[in-house]
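Following: one structure in structure tokens, then a few remarks.
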Amino acid sequence: MSPTQVAQATNTSRRTVMRAIEAQELPAFRDNRNHWKITPQSVEKWALAQSLPSGHAHQLPTPDAQLAHPAPTLDEGAGALEAERQARLLAEVEAAELRGKLAATEAERDRLHGIVQSMTAPQPRRRSWWPF
């Protein structure tokens, strides 16, 4: 996957992905055309690490908010929520890969269409010097 595809899949900016690569938080390598390539497994690990709470300043909930939305117990919601996050992340990564394959296929289709058009276009008739 390219940094742009990773950014689309994780709903972040390309610059955020590049910062993670530069900080070696997200493993990536360059291919023979000097383009960044990132494996889907490393994207999953990095995205999961980004979604976990970091322990920074938290906003304290108001008593009204606690009554309106009672917090689920760990047994009820944590497992289901984590499973949904994983499923969504996998679906986004797969969608990004499919978008890349679709773009490549469309480019190949357009290239082949141009070749067919040039081959089927009427060729100008060559004139000869001798009117036989």
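Chains: A, B, ... in order of the structure tokens. Residues: from 1 per chain. Ligands: from 1, in order shown.
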
Any idea what's packed within 10 Å of segment 2-6 of chain A, counting only C-alpha atoms, ignoring anything in its chain fewer than 2 positions away? Could you give it as a PyMOL selection string? chain A and resi 8-18+21+28+30+35-40+43-44+47+92-93+95-100

Which one is closest to Ser51 of chain A: A:Thr120, A:Asn32, A:Gln24, A:Gln86? Count only C-alpha atoms.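 Smallest separation from Ser51 of chain A among the options: A:Gln86.
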
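When atom CA of Ser118 of chain A is paired with atom CA of Lys101 of chain A, their separation reads 26.0 Å.
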
message = Env of Trp46 of chain A: 9 Å cut, atoms = only C-alpha atoms, seq-sep filter 2 positions within chain, self excluded. Answer as a list in words.
response = Ala20, Glu25, Leu26, Pro27, Gln41, Ser42, Val43, Glu44, Leu48, Ala49, Gln50 and Ser51 of chain A

Serialized selection, N, CA and C atoms, as a short mmCIF file (atom, residue, chain, number, x, y, z; two decimals), in the first residue's frame:
data_model
loop_
_atom_site.label_atom_id
_atom_site.label_comp_id
_atom_site.auth_asym_id
_atom_site.auth_seq_id
_atom_site.Cartn_x
_atom_site.Cartn_y
_atom_site.Cartn_z
N ALA A 20 4.77 9.17 10.63
CA ALA A 20 4.89 7.88 11.32
C ALA A 20 6.00 7.04 10.68
N GLU A 25 7.52 4.59 13.44
CA GLU A 25 6.37 4.00 14.12
C GLU A 25 5.62 3.08 13.17
N LEU A 26 5.72 3.37 11.88
CA LEU A 26 5.05 2.59 10.85
C LEU A 26 6.12 2.01 9.92
N PRO A 27 6.33 0.69 9.96
CA PRO A 27 7.35 0.09 9.09
C PRO A 27 6.97 0.22 7.62
N GLN A 41 -0.43 -5.59 7.27
CA GLN A 41 -0.28 -5.99 8.67
C GLN A 41 0.31 -4.85 9.50
N SER A 42 1.30 -4.15 8.95
CA SER A 42 1.88 -3.04 9.70
C SER A 42 0.89 -1.88 9.81
N VAL A 43 0.03 -1.72 8.81
CA VAL A 43 -1.01 -0.67 8.88
C VAL A 43 -1.98 -0.99 10.01
N GLU A 44 -2.37 -2.26 10.11
CA GLU A 44 -3.30 -2.66 11.17
C GLU A 44 -2.70 -2.39 12.55
N LEU A 48 -4.16 0.42 15.11
CA LEU A 48 -4.62 -0.01 16.43
C LEU A 48 -3.90 0.76 17.52
N ALA A 49 -2.60 0.98 17.36
CA ALA A 49 -1.84 1.76 18.34
C ALA A 49 -2.31 3.20 18.38
N GLN A 50 -2.74 3.75 17.24
CA GLN A 50 -3.24 5.12 17.18
C GLN A 50 -4.60 5.25 17.85
N SER A 51 -5.42 4.19 17.79
CA SER A 51 -6.77 4.28 18.34
C SER A 51 -6.84 4.02 19.84
#

query: What is the distance, in Å and to one decimal place, between atom CA of Ala23 of chain A and atom CA of Leu89 of chain A?
result: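 Spanning atom CA of Ala23 of chain A to atom CA of Leu89 of chain A is a straight-line distance of 22.1 Å.
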
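The space separating atom CA of Ala7 of chain A from atom CA of Ala91 of chain A comes to 13.9 Å.
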
DSSP on the backbone: which residues in segment 1-50 of chain A end up as helix (DSSP H, G or I)? Give the answer as a list in words.
Pro3, Thr4, Gln5, Val6, Ala7, Gln8, Ala9, Thr10, Arg14, Arg15, Thr16, Val17, Met18, Arg19, Ala20, Ile21, Glu22, Pro40, Gln41, Ser42, Val43, Glu44, Lys45, Trp46, Ala47, Leu48, Ala49 and Gln50 of chain A

Output the selection as an mmCIF file, in the first residue's frame - N, CA, C and O atoms for each residue.
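So the final result, stored in part.cif, reads:
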data_model
loop_
_atom_site.group_PDB
_atom_site.id
_atom_site.type_symbol
_atom_site.label_atom_id
_atom_site.label_comp_id
_atom_site.auth_asym_id
_atom_site.auth_seq_id
_atom_site.Cartn_x
_atom_site.Cartn_y
_atom_site.Cartn_z
ATOM 1 N N PRO A 3 1.483 5.415 0.923
ATOM 2 C CA PRO A 3 1.083 6.281 2.036
ATOM 3 C C PRO A 3 -0.289 6.925 1.822
ATOM 4 O O PRO A 3 -1.055 7.085 2.765
ATOM 5 N N THR A 4 -0.622 7.258 0.586
ATOM 6 C CA THR A 4 -1.943 7.840 0.301
ATOM 7 C C THR A 4 -3.046 6.826 0.581
ATOM 8 O O THR A 4 -4.077 7.165 1.169
ATOM 9 N N GLN A 5 -2.851 5.580 0.168
ATOM 10 C CA GLN A 5 -3.842 4.545 0.427
ATOM 11 C C GLN A 5 -3.995 4.285 1.920
ATOM 12 O O GLN A 5 -5.101 4.075 2.416
ATOM 13 N N VAL A 6 -2.885 4.299 2.646
ATOM 14 C CA VAL A 6 -2.940 4.101 4.101
ATOM 15 C C VAL A 6 -3.713 5.254 4.748
ATOM 16 O O VAL A 6 -4.541 5.044 5.630
ATOM 17 N N ALA A 7 -3.456 6.467 4.277
ATOM 18 C CA ALA A 7 -4.145 7.632 4.831
ATOM 19 C C ALA A 7 -5.644 7.526 4.591
ATOM 20 O O ALA A 7 -6.449 7.821 5.486
ATOM 21 N N GLN A 8 -6.051 7.095 3.408
ATOM 22 C CA GLN A 8 -7.472 6.932 3.115
ATOM 23 C C GLN A 8 -8.087 5.831 3.980
ATOM 24 O O GLN A 8 -9.193 5.970 4.488
ATOM 25 N N ALA A 9 -7.355 4.731 4.139
ATOM 26 C CA ALA A 9 -7.884 3.597 4.898
ATOM 27 C C ALA A 9 -8.024 3.910 6.380
ATOM 28 O O ALA A 9 -8.948 3.436 7.037
ATOM 29 N N THR A 10 -7.110 4.710 6.916
ATOM 30 C CA THR A 10 -7.134 5.001 8.348
ATOM 31 C C THR A 10 -7.774 6.347 8.673
ATOM 32 O O THR A 10 -7.785 6.749 9.827
ATOM 33 N N ARG A 14 -2.039 12.147 4.613
ATOM 34 C CA ARG A 14 -0.833 11.524 4.097
ATOM 35 C C ARG A 14 0.374 11.992 4.902
ATOM 36 O O ARG A 14 1.300 11.229 5.161
ATOM 37 N N ARG A 15 0.363 13.240 5.307
ATOM 38 C CA ARG A 15 1.484 13.776 6.094
ATOM 39 C C ARG A 15 1.607 13.042 7.437
ATOM 40 O O ARG A 15 2.717 12.789 7.906
ATOM 41 N N THR A 16 0.488 12.696 8.055
ATOM 42 C CA THR A 16 0.518 11.942 9.313
ATOM 43 C C THR A 16 1.175 10.578 9.088
ATOM 44 O O THR A 16 1.990 10.128 9.901
ATOM 45 N N VAL A 17 0.829 9.940 7.979
ATOM 46 C CA VAL A 17 1.426 8.641 7.658
ATOM 47 C C VAL A 17 2.926 8.805 7.424
ATOM 48 O O VAL A 17 3.734 8.011 7.912
ATOM 49 N N MET A 18 3.318 9.848 6.691
ATOM 50 C CA MET A 18 4.744 10.070 6.424
ATOM 51 C C MET A 18 5.515 10.364 7.712
ATOM 52 O O MET A 18 6.647 9.914 7.877
ATOM 53 N N ARG A 19 4.899 11.104 8.638
ATOM 54 C CA ARG A 19 5.551 11.355 9.927
ATOM 55 C C ARG A 19 5.767 10.049 10.687
ATOM 56 O O ARG A 19 6.796 9.848 11.323
ATOM 57 N N ALA A 20 4.768 9.166 10.632
ATOM 58 C CA ALA A 20 4.892 7.877 11.317
ATOM 59 C C ALA A 20 6.005 7.041 10.684
ATOM 60 O O ALA A 20 6.749 6.350 11.390
ATOM 61 N N ILE A 21 6.139 7.120 9.368
ATOM 62 C CA ILE A 21 7.218 6.389 8.690
ATOM 63 C C ILE A 21 8.564 6.970 9.097
ATOM 64 O O ILE A 21 9.499 6.237 9.419
ATOM 65 N N GLU A 22 8.671 8.303 9.092
ATOM 66 C CA GLU A 22 9.929 8.955 9.460
ATOM 67 C C GLU A 22 10.309 8.683 10.910
ATOM 68 O O GLU A 22 11.487 8.543 11.239
ATOM 69 N N PRO A 40 -0.141 -4.389 4.733
ATOM 70 C CA PRO A 40 -1.410 -4.244 5.458
ATOM 71 C C PRO A 40 -1.295 -4.623 6.942
ATOM 72 O O PRO A 40 -1.965 -4.034 7.781
ATOM 73 N N GLN A 41 -0.431 -5.589 7.272
ATOM 74 C CA GLN A 41 -0.281 -5.986 8.667
ATOM 75 C C GLN A 41 0.311 -4.851 9.497
ATOM 76 O O GLN A 41 -0.132 -4.603 10.631
ATOM 77 N N SER A 42 1.298 -4.147 8.950
ATOM 78 C CA SER A 42 1.880 -3.040 9.704
ATOM 79 C C SER A 42 0.894 -1.879 9.815
ATOM 80 O O SER A 42 0.893 -1.165 10.812
ATOM 81 N N VAL A 43 0.029 -1.715 8.807
ATOM 82 C CA VAL A 43 -1.007 -0.670 8.875
ATOM 83 C C VAL A 43 -1.976 -0.989 10.008
ATOM 84 O O VAL A 43 -2.350 -0.116 10.789
ATOM 85 N N GLU A 44 -2.369 -2.257 10.114
ATOM 86 C CA GLU A 44 -3.295 -2.664 11.173
ATOM 87 C C GLU A 44 -2.699 -2.390 12.554
ATOM 88 O O GLU A 44 -3.368 -1.834 13.426
ATOM 89 N N LYS A 45 -1.440 -2.785 12.742
ATOM 90 C CA LYS A 45 -0.794 -2.574 14.040
ATOM 91 C C LYS A 45 -0.691 -1.089 14.373
ATOM 92 O O LYS A 45 -0.964 -0.667 15.489
ATOM 93 N N TRP A 46 -0.286 -0.298 13.373
ATOM 94 C CA TRP A 46 -0.126 1.143 13.592
ATOM 95 C C TRP A 46 -1.478 1.800 13.878
ATOM 96 O O TRP A 46 -1.592 2.607 14.790
ATOM 97 N N ALA A 47 -2.507 1.443 13.127
ATOM 98 C CA ALA A 47 -3.825 2.037 13.331
ATOM 99 C C ALA A 47 -4.393 1.650 14.691
ATOM 100 O O ALA A 47 -5.020 2.467 15.368
ATOM 101 N N LEU A 48 -4.155 0.419 15.114
ATOM 102 C CA LEU A 48 -4.622 -0.015 16.432
ATOM 103 C C LEU A 48 -3.898 0.763 17.522
ATOM 104 O O LEU A 48 -4.505 1.195 18.497
ATOM 105 N N ALA A 49 -2.602 0.980 17.359
ATOM 106 C CA ALA A 49 -1.841 1.756 18.342
ATOM 107 C C ALA A 49 -2.314 3.203 18.382
ATOM 108 O O ALA A 49 -2.318 3.838 19.444
ATOM 109 N N GLN A 50 -2.744 3.745 17.237
ATOM 110 C CA GLN A 50 -3.237 5.119 17.184
ATOM 111 C C GLN A 50 -4.601 5.252 17.847
ATOM 112 O O GLN A 50 -4.930 6.290 18.403
#
